[in-house]
Amino acid sequence: MSDWVPTTCMRCAVGCGHVHRAVDVGYGIDTVRGDASHPVNQGLACARGIGESRDPDGEWLTKPLVRKDGELERTTWDFALSRAVEGLRAAAERGPDEVAILGSGQQTNEAAYLLGKVARGGFGTRSYDANTTLCMASAVTAYYEAFGSDAPPCTYDDIDDAERHVVWGANPAVAHPVLFRWIRRAADEEDVEIVVVDPVRSETAENAAHHVAPEPGRDLALARAVLARLVETDRIAHEFVDTATDGFEALLDALPDASTAARDAGVDPDDVDLLADAFDRRTLLYWGMGINQHVQGTETARALVDLTLATDNVRPGAGPFSLTGQANSMGTRVCSSKGTWPGQRPFADPDHRRTVAEHWGVSADRLPNDPGPGPVGILESEPAAVWTVATNPAAGMPDADAARERLADTFLIAQDAFHTETTELADVVFPATTWGESEGTTTNMERTISRVRAATDAPSGVRSDSQLIATVGSRLFPELFPTRDPDPAAVFEEFAALTEGTIADCSGISHDVLDDVYAIRWPASDPDDGGGYRYYEERPDGDEAWSFPTATGNAQFSTSRQGALPEPTDESYPLTLTTAREADGYNTGVRSRGGESGELCARIHPDTVADHDDACVDGRLSIVSRRASVTATVDRDEAVPEGVVWLPIHHPETNRLTLPDRDPKSKEPHFKQCAVRLVSSDSVSTPTASAAGRADD
């Protein structure tokens with residue numbers, strides 16, 4: 001019988017420790033369970049994380065593929081790699097930005113670091129990003145603007161100490177089940193409550209003491225209404241504001257009155273009072289994609305941070321806690337040279353760019369001086385070649401039909417463990433290892449780094465992300481990549497050395513250290529210095545102090561106000577489409593939908609369905625936006641407000657409808673609201689989901 005192998009779940013960003021045991025014959029994972037020795041989850045695990053680690057339903061890729069005469073055909077690794085290198089080299093000859101590379105929050109830290117190294121240090125391209133920008137960029141930008149660093153101040157340790165848990169634009173009961181179990185456990189204590197802000201009565205709202213439902217996309221107005229009410233009722237923590245923040249007077253000058261902002265948000269004054277009262281207590285304020293995926297996502301996230309600053313809720317047991325979506329979104333941000341250089345070294349700083357160049361042994365002139373236009377902007381620029389790694393932009397991008405056309409028109413390399421809508425379009429397909437077959441580390445949403453270990457060998461036709469990146473890199477840039485099979489521990493050591501002395505210092509962490517202690521939270525210049533709550537210090541004499549890595553050393557308030565939605569409803573498109581996660585899907589669902597998308601299901605209020613009775617035939621209808629039309633079955637659901645259509649973000653049809661408009665600061669797309677109408681559908685093709693096993697053939 002195989003041995004148990006400790007690892008970290010890569011299903012979401014909670015970062016639960018798992019133990020895996022391989023099958024006795026062949027390839028694959030036989031058993032998965034929570035690891036009681038892991039300090040993050042102490043043995044807890046969700047069924048989704050266990051099931052998708054042990055037995056994902058996706059259609060496995062087992063051999064490299066190359067397109068010939070319009071069809072993908074199996075080929076040798078040497079031919080596939082040669083074809084990919086030729087295409088990338090030809091694109092680079094037209095200019096560095098003609099090579100586009102899209103990474104993922106599903107990679108290990110090591111693979112993410114190597115991908116950034118080949119993109120920025122090899123090609124020198126600005127056309128590099130990751131699908132984490134599609135979910136977390138607004139929160140990241142808000143943290144930088146408010147605190148000077150991309151790091152939630154809070155940790156999981158704060159959950160038990162909070163007296164109010166305000167969950168705003170997130171549904172952790174579905175997206176982060178283990179985390180929500182901790183929140184519910186904390187709320188079982190006397191006088192501790194969960195308050196949910198969401199247009200939809202979500203699964204989290206069903207488990208909360210209170211639910212506030214603003215109109216879709218009007219969260220910024222609601223946040224300003226709450227702050228205005230706190231000001232009107234003299235509940236501002238002036239001592240903290242005067243000591244540790246800047247910009248409060250400017251915010252007051254720009255602040256609407258509470259009643260006006262409440263009307264703009266579509267809520268009753270009592271709801272504003274309810275939320276204002278929550279901030280009288282020690283409050284953890286969690287938010288997610290409902291805030292970030294908006295053209296004012298950064299401004300809305302900052303308005304939530306403003307609430308914590310104004311009420312002195314930036315201390316242990318309280319604070320603004322963005323809930324990261326993908327398993328290693330945090331690691332991608334810190335490691336991959338996507339939005340900053342490793343260790344959060346800013347792109348615009350020539351000294352930091354020079355340090356990175358010296359570390360990599362390249363000219364500083366080769367490195368770009370800004371992070372680029374973001375994933376949507378990259379595809380809109382129609383690059384000559386695109387290399388995707390563990391991401392599915394053909395389904396995950398907004399206005400997906402346009403994205404697919406651009407991907408079909410470019411030289412496309414798709415690197416993935418599973419067949420996806422993107423691999424269907426590719427010129428070259430690299431089959432890559434997945435979670436139970438990979439070595440490295442990952443970083444969860446509270447900045448904790450832990451090991452990812454292989455419990456089973458991979459089939460002979462499959463290689464790891466790190467091997468593939470280094471192999472391509474060594475053929476194109478041998479000075480950067482002297483080996484085609486880098487040791488993950490050595491890659492982490494190289495990355496960690498580059499972070500020494502930075503805001504996100506990981507120099508005290510190594511694979512050997514993690515083998516001993518399981519997990520360490522950065523910043524950690526020494527294994528014993530794993531970071532706790534950020535920016536706050538309680539001194540030995542009992543005094544408190546705050547220090548933020550901003551120009552003034554203080555946290556920064558913001559002054560934004562609610563603007564118009566990019567696509568409001570009108571007579572032609574009278575309903576609002578919103579998107580969100582569902583329990584059995586994640587990312588674009590390639591691990592959970594058996595290689596087939598299955599039928600799209602729309603959740604719609606019964607009264608809205610009744611108002612469009614002629615459109616709903618045999619429980620089906622078509623949803624039409626200005627970009628596309630999709631067919632769906634109808635789930636009459638009173639949890640969805642009237643006038644709203646709810647679709648799962650994971651389904652490949654959903655983003656055919658959504659908008660390419662994006663936040664100008666974060667470049668994150670506006671996935672959450674667009675205008676649609678309902679029309680009848682004469683017939684619907686119903687694909688059946690099927691699970692495909694993995695074989696080495």
# chains A, B, ... in the order shown; residues from 1 in each chain; ligands from 1
>>> select_by_dssp(residues="region 367-514 of chain A", states="helix (DSSP H, G or I)", output="PyMOL selection string")
chain A and resi 374-380+393-396+400-409+423-425+435-437+465-476+488-499+511-514
>>> residues_around(residues="Ala384 (chain A)", least_positions_apart="6", cutoff="9 Å", atoms="only C-alpha atoms", output="list of chain:residue names")
A:Gly87, A:Leu88, A:Ala90, A:Ala91, A:Ala92, A:Arg94, A:Asp97, A:Glu98, A:Val99, A:Ala100, A:Asp409, A:Thr410, A:Phe411, A:Leu412
>>> closest_residue(among="A:Ala408, A:Leu251, A:Val197, A:Cys674", to="Gly70 (chain A)", atoms="only C-alpha atoms")
A:Ala408
>>> closest_residue(among="A:Tyr573, A:Trp77, A:Trp522, A:Trp387", to="Val645 (chain A)", atoms="only C-alpha atoms")
A:Tyr573
>>> closest_residue(among="A:Glu421, A:Asp516, A:Asp150, A:Glu500", to="Arg447 (chain A)", atoms="only C-alpha atoms")
A:Asp150
>>> closest_residue(among="A:Val590, A:Glu358, A:Glu239, A:Ser464", to="Thr422 (chain A)", atoms="only C-alpha atoms")
A:Val590
>>> atom_distance(atom1="CA of Val14 (chain A)", atom2="CA of Leu102 (chain A)")
23.4 Å
>>> decode(residues="region 385-418 of chain A", atoms="N, CA, C and O atoms", output="CSV table (one decimal), in the first residue's frame")
chain,number,residue,atom,x,y,z
A,385,ALA,N,1.5,35.8,-31.0
A,385,ALA,CA,1.5,34.5,-30.3
A,385,ALA,C,1.0,34.7,-28.9
A,385,ALA,O,1.3,35.7,-28.2
A,386,VAL,N,0.3,33.6,-28.4
A,386,VAL,CA,-0.2,33.6,-27.0
A,386,VAL,C,0.1,32.2,-26.5
A,386,VAL,O,-0.1,31.2,-27.1
A,387,TRP,N,0.7,32.2,-25.2
A,387,TRP,CA,1.0,31.0,-24.5
A,387,TRP,C,0.2,31.1,-23.2
A,387,TRP,O,0.4,31.9,-22.4
A,388,THR,N,-0.7,30.1,-23.0
A,388,THR,CA,-1.5,30.1,-21.8
A,388,THR,C,-1.0,28.9,-21.0
A,388,THR,O,-0.7,27.8,-21.5
A,389,VAL,N,-1.0,29.1,-19.7
A,389,VAL,CA,-0.5,28.1,-18.7
A,389,VAL,C,-1.5,28.0,-17.6
A,389,VAL,O,-1.7,28.9,-16.8
A,390,ALA,N,-2.2,26.8,-17.6
A,390,ALA,CA,-3.1,26.5,-16.5
A,390,ALA,C,-4.3,27.5,-16.4
A,390,ALA,O,-4.7,27.9,-15.4
A,391,THR,N,-4.7,28.0,-17.6
A,391,THR,CA,-5.8,29.0,-17.6
A,391,THR,C,-6.6,28.8,-18.9
A,391,THR,O,-6.1,28.2,-19.9
A,392,ASN,N,-7.8,29.2,-18.9
A,392,ASN,CA,-8.7,28.9,-20.0
A,392,ASN,C,-9.4,30.2,-20.5
A,392,ASN,O,-10.6,30.4,-20.3
A,393,PRO,N,-8.7,31.1,-21.1
A,393,PRO,CA,-9.2,32.4,-21.5
A,393,PRO,C,-10.4,32.3,-22.5
A,393,PRO,O,-11.2,33.2,-22.5
A,394,ALA,N,-10.5,31.2,-23.3
A,394,ALA,CA,-11.6,31.1,-24.2
A,394,ALA,C,-12.9,31.1,-23.5
A,394,ALA,O,-14.0,31.4,-24.1
A,395,ALA,N,-12.9,30.6,-22.2
A,395,ALA,CA,-14.2,30.6,-21.4
A,395,ALA,C,-14.1,31.6,-20.3
A,395,ALA,O,-15.2,32.1,-19.9
A,396,GLY,N,-13.0,32.0,-19.8
A,396,GLY,CA,-12.9,32.8,-18.7
A,396,GLY,C,-12.9,34.3,-18.9
A,396,GLY,O,-13.1,35.1,-18.0
A,397,MET,N,-12.6,34.7,-20.2
A,397,MET,CA,-12.6,36.2,-20.5
A,397,MET,C,-14.0,36.7,-20.7
A,397,MET,O,-14.9,36.0,-21.2
A,398,PRO,N,-14.2,38.0,-20.4
A,398,PRO,CA,-15.5,38.6,-20.7
A,398,PRO,C,-15.6,38.7,-22.2
A,398,PRO,O,-14.6,38.7,-22.9
A,399,ASP,N,-16.9,38.9,-22.7
A,399,ASP,CA,-17.1,38.9,-24.1
A,399,ASP,C,-16.4,37.8,-24.8
A,399,ASP,O,-15.6,38.0,-25.7
A,400,ALA,N,-16.7,36.6,-24.4
A,400,ALA,CA,-15.8,35.4,-24.7
A,400,ALA,C,-15.8,35.1,-26.2
A,400,ALA,O,-14.8,34.6,-26.7
A,401,ASP,N,-16.8,35.5,-26.9
A,401,ASP,CA,-16.8,35.2,-28.4
A,401,ASP,C,-15.7,36.0,-29.0
A,401,ASP,O,-15.0,35.5,-29.9
A,402,ALA,N,-15.6,37.3,-28.6
A,402,ALA,CA,-14.5,38.1,-29.2
A,402,ALA,C,-13.1,37.6,-28.8
A,402,ALA,O,-12.2,37.5,-29.5
A,403,ALA,N,-13.0,37.1,-27.5
A,403,ALA,CA,-11.7,36.5,-27.0
A,403,ALA,C,-11.4,35.3,-27.8
A,403,ALA,O,-10.2,35.1,-28.2
A,404,ARG,N,-12.4,34.4,-28.1
A,404,ARG,CA,-12.1,33.2,-28.8
A,404,ARG,C,-11.7,33.5,-30.3
A,404,ARG,O,-10.8,32.8,-30.8
A,405,GLU,N,-12.2,34.5,-30.9
A,405,GLU,CA,-11.8,34.9,-32.2
A,405,GLU,C,-10.4,35.3,-32.2
A,405,GLU,O,-9.6,35.0,-33.1
A,406,ARG,N,-10.0,36.1,-31.2
A,406,ARG,CA,-8.6,36.6,-31.2
A,406,ARG,C,-7.6,35.4,-30.9
A,406,ARG,O,-6.5,35.3,-31.5
A,407,LEU,N,-8.0,34.5,-30.1
A,407,LEU,CA,-7.2,33.3,-29.8
A,407,LEU,C,-7.1,32.4,-31.0
A,407,LEU,O,-6.0,31.8,-31.3
A,408,ALA,N,-8.2,32.3,-31.8
A,408,ALA,CA,-8.1,31.5,-33.0
A,408,ALA,C,-7.3,32.1,-34.1
A,408,ALA,O,-6.7,31.4,-34.9
A,409,ASP,N,-7.1,33.4,-34.0
A,409,ASP,CA,-6.3,34.1,-35.1
A,409,ASP,C,-4.9,34.2,-34.8
A,409,ASP,O,-4.1,34.6,-35.7
A,410,THR,N,-4.5,33.9,-33.5
A,410,THR,CA,-3.0,34.0,-33.2
A,410,THR,C,-2.4,32.6,-33.2
A,410,THR,O,-3.1,31.6,-33.4
A,411,PHE,N,-1.1,32.6,-33.1
A,411,PHE,CA,-0.4,31.3,-32.8
A,411,PHE,C,-0.5,31.0,-31.3
A,411,PHE,O,0.0,31.7,-30.5
A,412,LEU,N,-1.3,29.9,-31.0
A,412,LEU,CA,-1.7,29.7,-29.7
A,412,LEU,C,-1.0,28.4,-29.1
A,412,LEU,O,-1.2,27.3,-29.7
A,413,ILE,N,-0.4,28.5,-28.0
A,413,ILE,CA,0.1,27.4,-27.2
A,413,ILE,C,-0.7,27.3,-25.9
A,413,ILE,O,-0.7,28.3,-25.2
A,414,ALA,N,-1.3,26.1,-25.7
A,414,ALA,CA,-2.1,25.9,-24.5
A,414,ALA,C,-1.5,24.8,-23.7
A,414,ALA,O,-1.3,23.7,-24.1
A,415,GLN,N,-1.1,25.2,-22.4
A,415,GLN,CA,-0.5,24.3,-21.5
A,415,GLN,C,-1.5,24.0,-20.4
A,415,GLN,O,-1.8,24.9,-19.6
A,416,ASP,N,-1.9,22.8,-20.2
A,416,ASP,CA,-2.9,22.5,-19.2
A,416,ASP,C,-2.9,21.0,-18.9
A,416,ASP,O,-2.4,20.2,-19.7
A,417,ALA,N,-3.5,20.6,-17.8
A,417,ALA,CA,-3.7,19.2,-17.4
A,417,ALA,C,-5.0,18.6,-18.1
A,417,ALA,O,-5.1,17.4,-18.2
A,418,PHE,N,-5.9,19.5,-18.5
A,418,PHE,CA,-7.2,19.0,-19.0
A,418,PHE,C,-7.5,19.7,-20.3
A,418,PHE,O,-7.1,20.8,-20.6
